[in-house]
Amino acid sequence: MKRRSLTLPINRVEGDLEISVDISNNVVVKAQVAGTMFRGFEQMMSGRGLLDGLVITPRICGICSTSHLYAAALALDQLHQAEVPDNAIRMRNLTHIAEHIQSDLRHVILMFAVDFAHPSYNKRSFFAEAERCYTPLQGESAISTIKATRQVLEIVAIIGGQWPHSSFMVPGGIVSTPNSADLRKCRQLLEEVVHWYEKQILGGPLSEWQKLKTADELKSWCVDPAHKEGDLARIIRIAEDLQLDRGEATHGFISGGALPLPATEMSNSRSHLFGAGHWQAGRLKDLDLSRISEQLTSSYYRSNSGALDSLFLDKTIPDAEKEKAYSWVKSPRYADQPVETSPLAELLCAGHPLICSWIAEKGVSPLARELARLLRPAELLPAALRWIKETNPKDSFYIEPAPCEAGRGLGIVQASRGMLGHWLEVRDGLIDNYQMITPTSWNASPRDERGMAGPMEQALLGARVDNPDHPLELGHIVRSFDPCLVCAVHSLHKGNRNTLRLGA
Amino acid sequence: MTRVICIGHPLLAEDQAGQQLYQRWQKLQFGEEVELIEGGLQGLNLLRFFEDCERVILVDNVCDYLAEPGIIHLRGEQIQAAVSRHFDHSAGLAYLLALLPNLLEEIPEIELIGIEGEVTESLAAEATDQLLLLLGGRSAA
């Protein structure tokens with residue numbers, strides 16, 4: 001038996017990610033995923049004013065800064081027990097959706113599908129098509145996606161004054177008061193994206209697409225000559241050819257619930273556009289946020305309070321010399337189990353019929369994750385347009401909350417890559433402690449105290465690698481998680497970064 | 001229209017020159033034909049600022065161009081030659097510059113004021129002189 005160890009610094013991720021695998025008989029038998037940077041945003045927060053999280057945390061990431069702003073604002077809403085007017089909820093959601101739309105579509109086309117055009121695939125039947133559409137810097141779909149998604153974030157700038165790193169959400173609402181012209185401009189921008197999305201991605205009208213409920217109906221859609229030139233059908237075709245639809249060992253999934261509904265839409269059974277949940281082996285349960293913990297066994301951090309409510313109390317204390325540690329990412333666990341949080345998790349936990357049907361039939365796979373990214377805009381775009389229509393500029397966008405000098409707040413959102421949480425502890429009117437758990441912390445987490453691998457590590461185990469010198473298969477798997485290490489890790493390493501490039 | 005786009009990260013010492021110069025240059029009057037923009041760490045999302053203008057002047061830290069702290073001025077082809085064609089998740093400025101020929105029918109003239117080292121008073125003055133020279137004396141301090 002031939003066993004070989006590889007270390008793969010992965011490019012086209014945000015931040016530094018290093019994958020180490022042992023391959024035996026062309027199968028991955030051991031996988032280790034490591035974040036290689038420490039950032040320390042959580043330390044920056046202690047002792048600061050209450051509102052500083054609204055300014056500092058969006059700067060953690062230039063891609064999902066609105067997600068951090070939203071989580072920070074929700075934590076403050078809870079701390080102040082603030083009442084948030086419906087107008088503000090709609091505008092917060094609208095800007096968050098704008099960020100998701102760009103992120104979802106650029107991820108799939110520019111970051112994932114680009115590997116289909118790798119020269120290693122030049123003997124495959126799909127190569128000419130993949131090269132035409134996804135070649136870096138010039139593929140037709142790549143160029144089209146960049147052009148179509150370049151203006152959607154103007155929505156955040158219109159509502160929030162700037163993007164990225166806007167701070168327009170505050171406890172009790174938003175600080176801007178969009179007028180009719182602002183809303184009209186936002187609607188125009190979204191409608192342009194809808195038209196492009198129908199033509200370029202779905203290959204057909206959204207109204208027809210929304211009728212699909214099962215994996216079989218999706219397959220029929222993709223072979224319909226009217227739709228097969230859409231990127232959705234093309235990516236499914238190529239991914240199936242590469243067997244990226246093969247089921248992985250299944251871990252659980254969690255979603256914190258995406259996009260709170262305005263009071264006019266809320267009901268006893270529905271508080272978010274996509275409901276929160278914990279999905280495990282086909283069973284969906286309610287999400288219990290008190291069951292979230294962080295383990296540090298394999299992370300370069302010192303152990304902490306040990307309190308049951310440790311997320312409010314624990315400090316992030318780096319320890320670069322810690323034995324047995326191999327990652328700057330912590331190990332968040334739900335009920336002591338590793339779980340994936342991602343757009344796939346979001347749609348699964350929300351009971352999205354098409355995604356649930358796909359998973360029931362084919363299992364969890366890199367293609368399933370990409371499908372969720374491609375399909376999520378079909379749900380988000382109509383919701384955003386509806387919320388624009390329902391917003392009355394004459395109504396309030398802000399209700400001043402009561403002052404608060406001490407207490408706790410928790411803000412949970414679904415960021416573009418999955419569940420993001422901000423835990424806030426306040427004393428004497430200042431931030432005493434701030435903890436964040438980002439989507440990539442969940443997905444790229446290292447082994448925990450029981451030795452259980454994180455979701456990305458689990459997904460790599462058992463993967464087949466035809467050519468260990470060019471392990472493209474592993475790149476597909478890792479990229480399907482869309483890892484964003486600038487959020488997940490808590491000094492830059494110079495040296496071996498990106499020494500092995502997959503696809504670019 | 002000339003757009004001056006200042007690039008950089010305010011919290012990272014080796015990459016904050018563009019931001020620091022942006023703060024200084026905000027106090028200057030450049031006239032209606034010059035637009036000063038804080039580009040932050042954006043890449044692909046700066047595309048709109050390369051549209052509908054004749055010229056873009058990027059202002060950013062550079063590394064290993066000069067042996068000592070100082071200012072360099074690069075033009076289009078020199079910039080393109082220095083641009084990596086590899087790209088990361090956030091599709092940075094280098095990615096945008098490499099893509100421009102495929103995205104725009106008319107590409108503006110692109111120049112770079114590169115700052116080697118941290119911004120000192122003298123380096124800031126030198127960068128300002130360089131900018132004013134490129135703008136042809138359009139500014140009144």
# chains A, B, ... in the order shown; residues from 1 in each chain; ligands from 1
call {"tool": "residues_around", "arguments": {"residues": "segment 24-26 of chain B", "least_positions_apart": "3", "cutoff": "12 Å", "atoms": "only C-alpha atoms", "output": "ChimeraX atom specification"}}
result
/B:4-6,17-21,29-31,34-38,59,119,121,124-125,127-129,131-132,139-141
call {"tool": "write_last_selection", "arguments": {"atoms": "N, CA and C atoms", "output": "PDB file, in the first residue's frame"}}
result
ATOM      1  N   VAL B   4      -8.777  59.608  -8.903  1.00  0.00           N
ATOM      2  CA  VAL B   4      -7.627  59.258  -8.065  1.00  0.00           C
ATOM      3  C   VAL B   4      -8.146  58.280  -7.016  1.00  0.00           C
ATOM      4  N   ILE B   5      -7.716  57.028  -7.108  1.00  0.00           N
ATOM      5  CA  ILE B   5      -8.247  55.990  -6.214  1.00  0.00           C
ATOM      6  C   ILE B   5      -7.157  55.572  -5.234  1.00  0.00           C
ATOM      7  N   CYS B   6      -7.414  55.833  -3.967  1.00  0.00           N
ATOM      8  CA  CYS B   6      -6.434  55.526  -2.922  1.00  0.00           C
ATOM      9  C   CYS B   6      -6.751  54.152  -2.327  1.00  0.00           C
ATOM     10  N   ALA B  17      -0.642  53.528   3.305  1.00  0.00           N
ATOM     11  CA  ALA B  17      -0.228  54.777   2.660  1.00  0.00           C
ATOM     12  C   ALA B  17      -1.369  55.399   1.854  1.00  0.00           C
ATOM     13  N   GLY B  18      -2.058  54.578   1.059  1.00  0.00           N
ATOM     14  CA  GLY B  18      -3.147  55.104   0.241  1.00  0.00           C
ATOM     15  C   GLY B  18      -4.206  55.782   1.089  1.00  0.00           C
ATOM     16  N   GLN B  19      -4.523  55.168   2.207  1.00  0.00           N
ATOM     17  CA  GLN B  19      -5.540  55.720   3.109  1.00  0.00           C
ATOM     18  C   GLN B  19      -5.063  57.034   3.731  1.00  0.00           C
ATOM     19  N   GLN B  20      -3.816  57.042   4.135  1.00  0.00           N
ATOM     20  CA  GLN B  20      -3.292  58.252   4.776  1.00  0.00           C
ATOM     21  C   GLN B  20      -3.248  59.422   3.791  1.00  0.00           C
ATOM     22  N   LEU B  21      -2.845  59.129   2.565  1.00  0.00           N
ATOM     23  CA  LEU B  21      -2.799  60.194   1.564  1.00  0.00           C
ATOM     24  C   LEU B  21      -4.204  60.653   1.204  1.00  0.00           C
ATOM     25  N   GLN B  29      -8.375  71.082  -3.099  1.00  0.00           N
ATOM     26  CA  GLN B  29      -9.411  71.316  -4.114  1.00  0.00           C
ATOM     27  C   GLN B  29      -8.847  70.889  -5.467  1.00  0.00           C
ATOM     28  N   PHE B  30      -9.454  69.894  -6.058  1.00  0.00           N
ATOM     29  CA  PHE B  30      -8.928  69.387  -7.326  1.00  0.00           C
ATOM     30  C   PHE B  30      -9.732  69.868  -8.536  1.00  0.00           C
ATOM     31  N   GLY B  31     -10.860  70.451  -8.328  1.00  0.00           N
ATOM     32  CA  GLY B  31     -11.694  70.865  -9.444  1.00  0.00           C
ATOM     33  C   GLY B  31     -12.669  69.778  -9.849  1.00  0.00           C
ATOM     34  N   VAL B  34     -11.665  66.185 -11.436  1.00  0.00           N
ATOM     35  CA  VAL B  34     -10.882  65.208 -10.674  1.00  0.00           C
ATOM     36  C   VAL B  34     -11.744  64.698  -9.521  1.00  0.00           C
ATOM     37  N   GLU B  35     -11.810  63.391  -9.397  1.00  0.00           N
ATOM     38  CA  GLU B  35     -12.587  62.789  -8.317  1.00  0.00           C
ATOM     39  C   GLU B  35     -11.642  61.969  -7.447  1.00  0.00           C
ATOM     40  N   LEU B  36     -11.648  62.241  -6.160  1.00  0.00           N
ATOM     41  CA  LEU B  36     -10.794  61.523  -5.210  1.00  0.00           C
ATOM     42  C   LEU B  36     -11.634  60.436  -4.543  1.00  0.00           C
ATOM     43  N   ILE B  37     -11.136  59.204  -4.564  1.00  0.00           N
ATOM     44  CA  ILE B  37     -11.933  58.075  -4.087  1.00  0.00           C
ATOM     45  C   ILE B  37     -11.125  57.253  -3.092  1.00  0.00           C
ATOM     46  N   GLU B  38     -11.783  56.866  -1.981  1.00  0.00           N
ATOM     47  CA  GLU B  38     -11.168  55.928  -1.046  1.00  0.00           C
ATOM     48  C   GLU B  38     -11.498  54.520  -1.531  1.00  0.00           C
ATOM     49  N   VAL B  59      -3.294  54.955  -6.081  1.00  0.00           N
ATOM     50  CA  VAL B  59      -2.320  55.343  -5.062  1.00  0.00           C
ATOM     51  C   VAL B  59      -2.259  54.214  -4.046  1.00  0.00           C
ATOM     52  N   VAL B 119       4.289  56.237   5.330  1.00  0.00           N
ATOM     53  CA  VAL B 119       4.148  57.644   4.951  1.00  0.00           C
ATOM     54  C   VAL B 119       4.708  58.553   6.049  1.00  0.00           C
ATOM     55  N   GLU B 121       6.130  62.749   6.745  1.00  0.00           N
ATOM     56  CA  GLU B 121       5.766  64.080   6.239  1.00  0.00           C
ATOM     57  C   GLU B 121       6.423  64.342   4.892  1.00  0.00           C
ATOM     58  N   ALA B 124       4.888  62.119   2.224  1.00  0.00           N
ATOM     59  CA  ALA B 124       3.555  62.606   1.876  1.00  0.00           C
ATOM     60  C   ALA B 124       3.658  63.824   0.962  1.00  0.00           C
ATOM     61  N   ALA B 125       4.601  64.705   1.269  1.00  0.00           N
ATOM     62  CA  ALA B 125       4.784  65.898   0.432  1.00  0.00           C
ATOM     63  C   ALA B 125       5.244  65.499  -0.972  1.00  0.00           C
ATOM     64  N   ALA B 127       4.648  62.610  -2.451  1.00  0.00           N
ATOM     65  CA  ALA B 127       3.513  61.981  -3.143  1.00  0.00           C
ATOM     66  C   ALA B 127       2.532  63.041  -3.634  1.00  0.00           C
ATOM     67  N   THR B 128       2.321  64.060  -2.818  1.00  0.00           N
ATOM     68  CA  THR B 128       1.408  65.136  -3.211  1.00  0.00           C
ATOM     69  C   THR B 128       1.957  65.880  -4.430  1.00  0.00           C
ATOM     70  N   ASP B 129       3.254  66.162  -4.416  1.00  0.00           N
ATOM     71  CA  ASP B 129       3.875  66.829  -5.573  1.00  0.00           C
ATOM     72  C   ASP B 129       3.702  65.973  -6.831  1.00  0.00           C
ATOM     73  N   LEU B 131       1.362  63.776  -7.435  1.00  0.00           N
ATOM     74  CA  LEU B 131      -0.032  63.819  -7.868  1.00  0.00           C
ATOM     75  C   LEU B 131      -0.331  65.124  -8.604  1.00  0.00           C
ATOM     76  N   LEU B 132       0.098  66.222  -8.021  1.00  0.00           N
ATOM     77  CA  LEU B 132      -0.171  67.520  -8.649  1.00  0.00           C
ATOM     78  C   LEU B 132       0.494  67.613 -10.011  1.00  0.00           C
ATOM     79  N   SER B 139      -4.637  71.541  -8.818  1.00  0.00           N
ATOM     80  CA  SER B 139      -5.022  71.710  -7.423  1.00  0.00           C
ATOM     81  C   SER B 139      -4.602  73.060  -6.855  1.00  0.00           C
ATOM     82  N   ALA B 140      -5.394  73.544  -5.990  1.00  0.00           N
ATOM     83  CA  ALA B 140      -5.010  74.715  -5.196  1.00  0.00           C
ATOM     84  C   ALA B 140      -5.122  74.300  -3.746  1.00  0.00           C
ATOM     85  N   ALA B 141      -4.024  74.240  -3.050  1.00  0.00           N
ATOM     86  CA  ALA B 141      -4.019  73.728  -1.682  1.00  0.00           C
ATOM     87  C   ALA B 141      -4.763  74.667  -0.760  1.00  0.00           C
TER      88      ALA B 141
END
call {"tool": "residues_around", "arguments": {"residues": "segment 97-101 of chain A", "least_positions_apart": "5", "cutoff": "7 Å", "atoms": "only C-alpha atoms", "output": "list in words"}}
result
Cys64, Val152, Leu153, Ile155, Pro377, Leu380, Ala384 and Ser416 of chain A
call {"tool": "residues_around", "arguments": {"residues": "Thr316 of chain A", "least_positions_apart": "5", "cutoff": "10 Å", "atoms": "only C-alpha atoms", "output": "list of chain:residue names"}}
result
A:Gly40, A:Phe41, A:Glu42, A:Gln43, A:Tyr300, A:Tyr301, A:Arg302, A:Ser303, A:Asn304, A:Lys330, A:Asn433, A:Tyr434, A:Gln435, A:Met436, A:His490
call {"tool": "write_last_selection", "arguments": {"atoms": "N, CA and C atoms", "output": "mmCIF file, in the first residue's frame"}}
result
data_model
loop_
_atom_site.group_PDB
_atom_site.id
_atom_site.type_symbol
_atom_site.label_atom_id
_atom_site.label_comp_id
_atom_site.auth_asym_id
_atom_site.auth_seq_id
_atom_site.Cartn_x
_atom_site.Cartn_y
_atom_site.Cartn_z
ATOM 1 N N GLY A 40 -7.271 38.687 15.712
ATOM 2 C CA GLY A 40 -7.427 39.347 16.998
ATOM 3 C C GLY A 40 -8.484 40.429 17.061
ATOM 4 N N PHE A 41 -9.484 40.352 16.185
ATOM 5 C CA PHE A 41 -10.536 41.373 16.222
ATOM 6 C C PHE A 41 -11.282 41.356 17.559
ATOM 7 N N GLU A 42 -11.415 40.163 18.133
ATOM 8 C CA GLU A 42 -12.189 40.091 19.371
ATOM 9 C C GLU A 42 -11.490 40.847 20.505
ATOM 10 N N GLN A 43 -10.139 40.770 20.519
ATOM 11 C CA GLN A 43 -9.396 41.537 21.541
ATOM 12 C C GLN A 43 -9.570 43.034 21.351
ATOM 13 N N TYR A 300 -4.830 27.177 18.405
ATOM 14 C CA TYR A 300 -3.762 27.885 19.114
ATOM 15 C C TYR A 300 -4.333 28.910 20.097
ATOM 16 N N TYR A 301 -5.188 28.429 20.991
ATOM 17 C CA TYR A 301 -5.754 29.322 22.005
ATOM 18 C C TYR A 301 -5.750 28.625 23.352
ATOM 19 N N ARG A 302 -5.645 29.425 24.387
ATOM 20 C CA ARG A 302 -5.707 28.880 25.735
ATOM 21 C C ARG A 302 -7.139 28.655 26.144
ATOM 22 N N SER A 303 -7.322 27.627 26.975
ATOM 23 C CA SER A 303 -8.666 27.354 27.477
ATOM 24 C C SER A 303 -9.127 28.499 28.348
ATOM 25 N N ASN A 304 -10.412 28.493 28.592
ATOM 26 C CA ASN A 304 -11.017 29.694 29.103
ATOM 27 C C ASN A 304 -11.912 29.476 30.298
ATOM 28 N N LYS A 330 -10.930 28.091 15.690
ATOM 29 C CA LYS A 330 -11.441 27.332 16.832
ATOM 30 C C LYS A 330 -12.337 26.201 16.338
ATOM 31 N N ASN A 433 -16.797 41.950 26.752
ATOM 32 C CA ASN A 433 -16.334 40.795 25.975
ATOM 33 C C ASN A 433 -17.109 40.706 24.671
ATOM 34 N N TYR A 434 -16.430 40.235 23.640
ATOM 35 C CA TYR A 434 -17.066 40.096 22.330
ATOM 36 C C TYR A 434 -16.549 38.805 21.721
ATOM 37 N N GLN A 435 -17.418 37.919 21.378
ATOM 38 C CA GLN A 435 -17.016 36.684 20.700
ATOM 39 C C GLN A 435 -17.790 36.558 19.399
ATOM 40 N N MET A 436 -17.098 36.111 18.376
ATOM 41 C CA MET A 436 -17.743 35.892 17.080
ATOM 42 C C MET A 436 -17.490 34.463 16.631
ATOM 43 N N HIS A 490 -8.390 34.065 13.971
ATOM 44 C CA HIS A 490 -8.366 35.067 15.031
ATOM 45 C C HIS A 490 -6.964 35.654 15.071
#
call {"tool": "select_by_dssp", "arguments": {"residues": "segment 184-385 of chain A", "states": "strand (DSSP E or B)", "output": "PyMOL selection string"}}
result
chain A and resi 252-255+258-260+267+270+272-274+277-280+283-285+292-295+299+301+318+327+331-334+337+339-340
call {"tool": "write_last_selection", "arguments": {"atoms": "N, CA and C atoms", "output": "compact mmCIF listing (two decimals), in the first residue's frame"}}
result
# COMPACT_ATOMS: atom_id res chain seq x y z
N GLY A 252 -23.90 16.91 10.52
CA GLY A 252 -25.13 17.67 10.63
C GLY A 252 -24.99 19.05 10.02
N PHE A 253 -26.12 19.75 9.97
CA PHE A 253 -26.16 21.11 9.41
C PHE A 253 -26.93 22.01 10.37
N ILE A 254 -26.50 23.24 10.48
CA ILE A 254 -27.30 24.20 11.25
C ILE A 254 -27.45 25.51 10.48
N SER A 255 -28.57 26.14 10.74
CA SER A 255 -28.81 27.48 10.22
C SER A 255 -29.42 28.30 11.34
N ALA A 258 -32.44 33.01 8.42
CA ALA A 258 -31.98 34.11 7.57
C ALA A 258 -33.08 35.12 7.34
N LEU A 259 -32.75 36.39 7.52
CA LEU A 259 -33.59 37.52 7.14
C LEU A 259 -34.89 37.58 7.96
N PRO A 260 -34.83 38.23 9.10
CA PRO A 260 -36.02 38.37 9.96
C PRO A 260 -37.17 39.02 9.19
N SER A 267 -45.42 35.25 11.73
CA SER A 267 -46.48 34.46 12.34
C SER A 267 -45.87 33.64 13.47
N ARG A 270 -43.42 31.35 11.87
CA ARG A 270 -42.46 31.85 10.89
C ARG A 270 -41.94 33.23 11.30
N HIS A 272 -38.52 34.16 10.13
CA HIS A 272 -37.48 34.51 9.16
C HIS A 272 -37.88 34.01 7.77
N LEU A 273 -37.29 34.62 6.76
CA LEU A 273 -37.53 34.14 5.39
C LEU A 273 -37.11 32.68 5.28
N PHE A 274 -35.92 32.36 5.81
CA PHE A 274 -35.47 30.97 5.92
C PHE A 274 -35.34 30.65 7.40
N GLY A 277 -32.67 26.08 12.12
CA GLY A 277 -32.86 24.66 12.38
C GLY A 277 -31.55 23.90 12.50
N HIS A 278 -31.71 22.66 12.92
CA HIS A 278 -30.58 21.72 12.99
C HIS A 278 -31.01 20.48 12.21
N TRP A 279 -30.31 20.18 11.15
CA TRP A 279 -30.65 19.07 10.26
C TRP A 279 -29.62 17.97 10.45
N GLN A 280 -30.08 16.79 10.73
CA GLN A 280 -29.15 15.67 10.92
C GLN A 280 -29.80 14.43 10.33
N ARG A 283 -33.44 14.52 9.42
CA ARG A 283 -34.40 15.00 10.42
C ARG A 283 -34.08 16.44 10.79
N LEU A 284 -35.12 17.25 10.82
CA LEU A 284 -34.95 18.66 11.14
C LEU A 284 -35.48 18.94 12.53
N LYS A 285 -34.65 19.58 13.34
CA LYS A 285 -35.07 19.94 14.70
C LYS A 285 -34.88 21.44 14.90
N ILE A 292 -24.53 25.71 21.55
CA ILE A 292 -23.31 26.05 20.81
C ILE A 292 -22.16 26.25 21.78
N SER A 293 -21.04 25.64 21.48
CA SER A 293 -19.84 25.83 22.30
C SER A 293 -18.62 25.92 21.39
N GLU A 294 -17.53 26.40 21.95
CA GLU A 294 -16.27 26.42 21.19
C GLU A 294 -15.26 25.54 21.92
N GLN A 295 -14.63 24.64 21.17
CA GLN A 295 -13.57 23.81 21.74
C GLN A 295 -12.23 24.27 21.18
N SER A 299 -6.68 24.11 18.56
CA SER A 299 -6.53 25.51 18.15
C SER A 299 -5.48 26.20 19.00
N TYR A 301 -5.19 28.43 20.99
CA TYR A 301 -5.75 29.32 22.01
C TYR A 301 -5.75 28.63 23.35
N PRO A 318 -4.56 33.96 22.44
CA PRO A 318 -3.71 33.17 21.54
C PRO A 318 -2.55 32.50 22.28
N SER A 327 -4.28 24.72 14.17
CA SER A 327 -5.06 25.72 13.43
C SER A 327 -5.34 26.95 14.28
N SER A 331 -12.85 25.40 17.25
CA SER A 331 -13.75 24.31 16.87
C SER A 331 -15.13 24.54 17.47
N PRO A 332 -15.97 25.31 16.80
CA PRO A 332 -17.35 25.44 17.30
C PRO A 332 -18.06 24.09 17.15
N ARG A 333 -18.87 23.79 18.09
CA ARG A 333 -19.64 22.54 18.04
C ARG A 333 -21.08 22.83 18.44
N TYR A 334 -22.00 22.05 17.86
CA TYR A 334 -23.41 22.15 18.25
C TYR A 334 -23.76 20.84 18.95
N GLN A 337 -21.22 18.31 18.60
CA GLN A 337 -20.99 17.68 17.30
C GLN A 337 -20.51 18.72 16.27
N VAL A 339 -20.74 20.48 12.88
CA VAL A 339 -21.85 20.68 11.94
C VAL A 339 -21.44 21.68 10.86
N GLU A 340 -22.00 21.49 9.71
CA GLU A 340 -21.74 22.43 8.61
C GLU A 340 -22.78 23.54 8.65
call {"tool": "residues_around", "arguments": {"residues": "Glu379 of chain A", "least_positions_apart": "2", "cutoff": "12 Å", "atoms": "only C-alpha atoms", "output": "ChimeraX atom specification"}}
result
/A:97,100-101,194,197,206-207,209-210,258-259,273-274,343,346-347,350,352,354,372-377,381-386
call {"tool": "atom_distance", "arguments": {"atom1": "atom CA of Leu313 of chain A", "atom2": "atom CA of Ser290 of chain A"}}
result
13.5 Å
